[in-house]
Amino acid sequence: MLASPWWVSAVMGVGVYFFLRWIIPALFAGNPILVSLSRLSQSLAWLAFPIFGLIAFIAFIGKKKTAVRTEQRPRKEPTASRQKPIPVSALDQAWGNHAQASSLHQTGDTAVIPAWSLSSLRSLEWKRFELLCAKYYETLNFKAVTQASGPDGGIDVRLYRSDLTHPIAIVQCKAWNSKANGVRELRELLGVMVHEKVERGIFITSGSYTSEALEFGSSNPIQLLDGEAFLQRILQLDSTHQDALAKFAFSGDYRTPSCPSCGIKMIVKEHQNNHFWKCLNYPRCRNTFKIKKTTIGM
């Protein structure tokens, strides 16, 4: 009844009142046994108004709140196919601090697989970089298990050998190119290692480390690989494995960042002359990443 219009409760209240006040007494008037019941019905008939009046009031307020929520509901955002294209020459890929310009809405397979270099390594978006790290360790005969979309708990990759129930190492990956990784990120990894009871940690970045971070890593069981060191590890593989990793890393859209929560590719939006990456599932998902500007019209 609360889901019905308020006037339904009001009409029912009037109907119940008339039924108790006059109809029941008229039906029981000729029966000496039920005459007392008819008197009780007459004395309680007035209760129909406050009871059904309250129900009508609650239904009325509920409808008003529903109408307000409907009016305030955000307008559905256009899909990616309707987005206004942003010239790549006017933007610097800020997700993962990617300095190399790229196609913002690249789809399908890449025609040319780039050669391994620090520049090509840094062109990878964060999720592809993370998957590349896992794939690298698979070439070394580790079993590498990556984290699905959503919070990773400080673990991007778990490495296993013979015992598949407990990892021998956990890997944290950061596609940070211009921002150096500091002690804070390494302390978080060390805390996860203690919690997971894993003796070895590996931190891989496409960028670099601060001097304090390097000192912290050397005094703890954490192996640090910056972009140059990780690239050299790849180049030390045989050509077959190098080519396989390149095909894996640079196939399809490897530049557009993925939403950390939803796992889908993000889109470029503009607000007050500022560009940023936004999840396609907005407003349900509100993940965004800033995009730094370069000289417009280059």
# chains A, B, ... in the order shown; residues from 1 in each chain; ligands from 1
>>> closest_atom_pairs(of="region 211-254 of chain A", to="region 124-129 of chain A", cutoff="8 Å", atoms="only C-alpha atoms", output="Markdown table")
| residue | atom | partner | partner_atom | distance |
| --- | --- | --- | --- | --- |
| A:Ala249 | CA | A:Arg128 | CA | 6.5 |
| A:Phe250 | CA | A:Leu124 | CA | 7.8 |
| A:Tyr254 | CA | A:Leu124 | CA | 5.6 |
>>> write_last_selection(atoms="N, CA and C atoms", output="CSV table (one decimal), in the first residue's frame")
chain,number,residue,atom,x,y,z
A,249,ALA,N,53.5,-7.5,-25.3
A,249,ALA,CA,53.5,-6.2,-24.7
A,249,ALA,C,52.9,-5.1,-25.7
A,250,PHE,N,53.2,-5.2,-27.0
A,250,PHE,CA,52.9,-4.1,-27.9
A,250,PHE,C,51.7,-4.5,-28.9
A,254,TYR,N,48.0,-0.8,-26.2
A,254,TYR,CA,48.9,-0.9,-25.0
A,254,TYR,C,49.2,0.5,-24.4
>>> residues_around(residues="Trp46 (chain A)", least_positions_apart="6", cutoff="10 Å", atoms="only C-alpha atoms", output="MDAnalysis selection string")
chainID A and resid 13:14 16:18 20:21
>>> residues_around(residues="His195 (chain A)", least_positions_apart="3", cutoff="12 Å", atoms="only C-alpha atoms", output="list in words")
Gly153, Gly154, Ile155, Ile170, Glu188, Leu189, Leu190, Gly191, Val192, Val198 and Glu199 of chain A
>>> write_last_selection(atoms="all heavy atoms", output="PDB file, in the first residue's frame")
ATOM      1  N   GLY A 153      45.891  -4.926  -2.851  1.00  0.00           N
ATOM      2  CA  GLY A 153      46.465  -5.214  -1.547  1.00  0.00           C
ATOM      3  C   GLY A 153      47.969  -5.082  -1.508  1.00  0.00           C
ATOM      4  O   GLY A 153      48.637  -5.641  -0.645  1.00  0.00           O
ATOM      5  N   GLY A 154      48.552  -4.319  -2.446  1.00  0.00           N
ATOM      6  CA  GLY A 154      49.990  -4.131  -2.480  1.00  0.00           C
ATOM      7  C   GLY A 154      50.732  -5.233  -3.210  1.00  0.00           C
ATOM      8  O   GLY A 154      51.960  -5.264  -3.185  1.00  0.00           O
ATOM      9  N   ILE A 155      50.014  -6.163  -3.850  1.00  0.00           N
ATOM     10  CA  ILE A 155      50.637  -7.254  -4.594  1.00  0.00           C
ATOM     11  C   ILE A 155      50.112  -7.237  -6.025  1.00  0.00           C
ATOM     12  O   ILE A 155      48.915  -7.365  -6.263  1.00  0.00           O
ATOM     13  CB  ILE A 155      50.326  -8.624  -3.959  1.00  0.00           C
ATOM     14  CG1 ILE A 155      50.778  -8.660  -2.492  1.00  0.00           C
ATOM     15  CG2 ILE A 155      51.011  -9.745  -4.748  1.00  0.00           C
ATOM     16  CD1 ILE A 155      50.397  -9.930  -1.770  1.00  0.00           C
ATOM     17  N   ILE A 170      56.817 -11.853  -4.002  1.00  0.00           N
ATOM     18  CA  ILE A 170      55.729 -11.012  -4.483  1.00  0.00           C
ATOM     19  C   ILE A 170      56.342  -9.821  -5.210  1.00  0.00           C
ATOM     20  O   ILE A 170      57.405  -9.326  -4.836  1.00  0.00           O
ATOM     21  CB  ILE A 170      54.793 -10.549  -3.344  1.00  0.00           C
ATOM     22  CG1 ILE A 170      55.572  -9.833  -2.240  1.00  0.00           C
ATOM     23  CG2 ILE A 170      54.020 -11.719  -2.782  1.00  0.00           C
ATOM     24  CD1 ILE A 170      54.694  -9.321  -1.117  1.00  0.00           C
ATOM     25  N   GLU A 188      55.662  -0.046   2.072  1.00  0.00           N
ATOM     26  CA  GLU A 188      54.376  -0.713   1.892  1.00  0.00           C
ATOM     27  C   GLU A 188      54.578  -2.147   1.406  1.00  0.00           C
ATOM     28  O   GLU A 188      53.903  -3.073   1.872  1.00  0.00           O
ATOM     29  CB  GLU A 188      53.521   0.074   0.899  1.00  0.00           C
ATOM     30  CG  GLU A 188      53.054   1.425   1.433  1.00  0.00           C
ATOM     31  CD  GLU A 188      52.303   2.237   0.388  1.00  0.00           C
ATOM     32  OE1 GLU A 188      52.260   1.791  -0.784  1.00  0.00           O
ATOM     33  OE2 GLU A 188      51.771   3.309   0.744  1.00  0.00           O
ATOM     34  N   LEU A 189      55.506  -2.338   0.468  1.00  0.00           N
ATOM     35  CA  LEU A 189      55.793  -3.684  -0.023  1.00  0.00           C
ATOM     36  C   LEU A 189      56.347  -4.558   1.092  1.00  0.00           C
ATOM     37  O   LEU A 189      55.952  -5.726   1.240  1.00  0.00           O
ATOM     38  CB  LEU A 189      56.777  -3.625  -1.188  1.00  0.00           C
ATOM     39  CG  LEU A 189      57.253  -4.981  -1.739  1.00  0.00           C
ATOM     40  CD1 LEU A 189      56.082  -5.816  -2.220  1.00  0.00           C
ATOM     41  CD2 LEU A 189      58.259  -4.771  -2.859  1.00  0.00           C
ATOM     42  N   LEU A 190      57.251  -4.019   1.906  1.00  0.00           N
ATOM     43  CA  LEU A 190      57.822  -4.785   3.011  1.00  0.00           C
ATOM     44  C   LEU A 190      56.736  -5.183   4.013  1.00  0.00           C
ATOM     45  O   LEU A 190      56.741  -6.310   4.537  1.00  0.00           O
ATOM     46  CB  LEU A 190      58.913  -3.971   3.698  1.00  0.00           C
ATOM     47  CG  LEU A 190      59.671  -4.669   4.836  1.00  0.00           C
ATOM     48  CD1 LEU A 190      60.387  -5.910   4.314  1.00  0.00           C
ATOM     49  CD2 LEU A 190      60.666  -3.705   5.486  1.00  0.00           C
ATOM     50  N   GLY A 191      55.797  -4.287   4.259  1.00  0.00           N
ATOM     51  CA  GLY A 191      54.696  -4.605   5.163  1.00  0.00           C
ATOM     52  C   GLY A 191      53.837  -5.733   4.634  1.00  0.00           C
ATOM     53  O   GLY A 191      53.394  -6.611   5.393  1.00  0.00           O
ATOM     54  N   VAL A 192      53.605  -5.737   3.339  1.00  0.00           N
ATOM     55  CA  VAL A 192      52.831  -6.824   2.725  1.00  0.00           C
ATOM     56  C   VAL A 192      53.601  -8.136   2.806  1.00  0.00           C
ATOM     57  O   VAL A 192      53.023  -9.202   3.061  1.00  0.00           O
ATOM     58  CB  VAL A 192      52.501  -6.481   1.254  1.00  0.00           C
ATOM     59  CG1 VAL A 192      51.815  -7.663   0.576  1.00  0.00           C
ATOM     60  CG2 VAL A 192      51.609  -5.250   1.191  1.00  0.00           C
ATOM     61  N   VAL A 198      56.124 -13.817   3.231  1.00  0.00           N
ATOM     62  CA  VAL A 198      56.948 -14.060   2.050  1.00  0.00           C
ATOM     63  C   VAL A 198      58.303 -13.412   2.287  1.00  0.00           C
ATOM     64  O   VAL A 198      58.381 -12.245   2.669  1.00  0.00           O
ATOM     65  CB  VAL A 198      56.286 -13.479   0.780  1.00  0.00           C
ATOM     66  CG1 VAL A 198      57.192 -13.670  -0.430  1.00  0.00           C
ATOM     67  CG2 VAL A 198      54.937 -14.139   0.538  1.00  0.00           C
ATOM     68  N   GLU A 199      59.365 -14.150   2.062  1.00  0.00           N
ATOM     69  CA  GLU A 199      60.701 -13.676   2.419  1.00  0.00           C
ATOM     70  C   GLU A 199      61.318 -12.763   1.374  1.00  0.00           C
ATOM     71  O   GLU A 199      62.278 -12.050   1.675  1.00  0.00           O
ATOM     72  CB  GLU A 199      61.624 -14.871   2.654  1.00  0.00           C
ATOM     73  CG  GLU A 199      61.201 -15.735   3.843  1.00  0.00           C
ATOM     74  CD  GLU A 199      62.147 -16.902   4.068  1.00  0.00           C
ATOM     75  OE1 GLU A 199      63.079 -17.080   3.250  1.00  0.00           O
ATOM     76  OE2 GLU A 199      61.953 -17.632   5.061  1.00  0.00           O
TER      77      GLU A 199
END
>>> atom_distance(atom1="CA of Ala56 (chain A)", atom2="CA of Ser9 (chain A)")
5.1 Å
>>> closest_residue(among="A:Pro5, A:Val194, A:His275, A:Ala48", to="Phe60 (chain A)", atoms="only C-alpha atoms")
A:Pro5
>>> residues_around(residues="Leu159 (chain A)", least_positions_apart="2", cutoff="6 Å", atoms="only C-alpha atoms", output="list in words")
Lys143, Ala144, Pro167, Ile168 and Ala169 of chain A
>>> atom_distance(atom1="CA of Phe276 (chain A)", atom2="CA of Ile291 (chain A)")
4.9 Å
>>> atom_distance(atom1="CA of Ile204 (chain A)", atom2="CA of Leu225 (chain A)")
4.8 Å
>>> select_by_dssp(residues="region 187-244 of chain A", states="strand (DSSP E or B)", output="list in words")
Gly201, Ile202, Phe203, Ile204, Thr205, Tyr209, Ile222, Gln223, Leu224 and Leu225 of chain A
>>> closest_residue(among="A:Thr288, A:Ser120, A:Ser251, A:Gln232", to="Val268 (chain A)", atoms="only C-alpha atoms")
A:Thr288
>>> residues_around(residues="Phe203 (chain A)", least_positions_apart="5", cutoff="8 Å", atoms="only C-alpha atoms", output="JSON list (two decimals) with N, CA, C and O atoms, in the first residue's frame")
[["chain", "number", "residue", "atom", "x", "y", "z"],
["A", 171, "VAL", "N", 55.66, -9.39, -6.25],
["A", 171, "VAL", "CA", 56.18, -8.35, -7.12],
["A", 171, "VAL", "C", 55.24, -7.16, -7.12],
["A", 171, "VAL", "O", 54.01, -7.32, -7.24],
["A", 172, "GLN", "N", 55.79, -5.97, -6.97],
["A", 172, "GLN", "CA", 55.03, -4.73, -7.10],
["A", 172, "GLN", "C", 55.54, -4.01, -8.33],
["A", 172, "GLN", "O", 56.75, -3.85, -8.52],
["A", 173, "CYS", "N", 54.62, -3.56, -9.19],
["A", 173, "CYS", "CA", 55.00, -2.91, -10.46],
["A", 173, "CYS", "C", 54.47, -1.48, -10.49],
["A", 173, "CYS", "O", 53.31, -1.24, -10.13],
["A", 174, "LYS", "N", 55.30, -0.55, -10.92],
["A", 174, "LYS", "CA", 54.90, 0.84, -11.03],
["A", 174, "LYS", "C", 55.34, 1.41, -12.37],
["A", 174, "LYS", "O", 56.54, 1.49, -12.66],
["A", 186, "LEU", "N", 58.29, 1.29, -0.96],
["A", 186, "LEU", "CA", 59.03, 0.10, -0.55],
["A", 186, "LEU", "C", 58.62, -0.36, 0.85],
["A", 186, "LEU", "O", 58.55, -1.56, 1.12],
["A", 222, "ILE", "N", 64.51, -6.88, -0.63],
["A", 222, "ILE", "CA", 63.71, -6.37, -1.74],
["A", 222, "ILE", "C", 64.63, -6.08, -2.92],
["A", 222, "ILE", "O", 65.57, -5.28, -2.80],
["A", 223, "GLN", "N", 64.39, -6.72, -4.04],
["A", 223, "GLN", "CA", 65.16, -6.46, -5.25],
["A", 223, "GLN", "C", 64.53, -5.30, -6.01],
["A", 223, "GLN", "O", 63.32, -5.31, -6.27],
["A", 224, "LEU", "N", 65.34, -4.30, -6.36],
["A", 224, "LEU", "CA", 64.85, -3.13, -7.07],
["A", 224, "LEU", "C", 65.31, -3.18, -8.52],
["A", 224, "LEU", "O", 66.50, -3.31, -8.80],
["A", 225, "LEU", "N", 64.36, -3.06, -9.43],
["A", 225, "LEU", "CA", 64.66, -2.99, -10.86],
["A", 225, "LEU", "C", 64.05, -1.71, -11.41],
["A", 225, "LEU", "O", 62.82, -1.55, -11.40]]
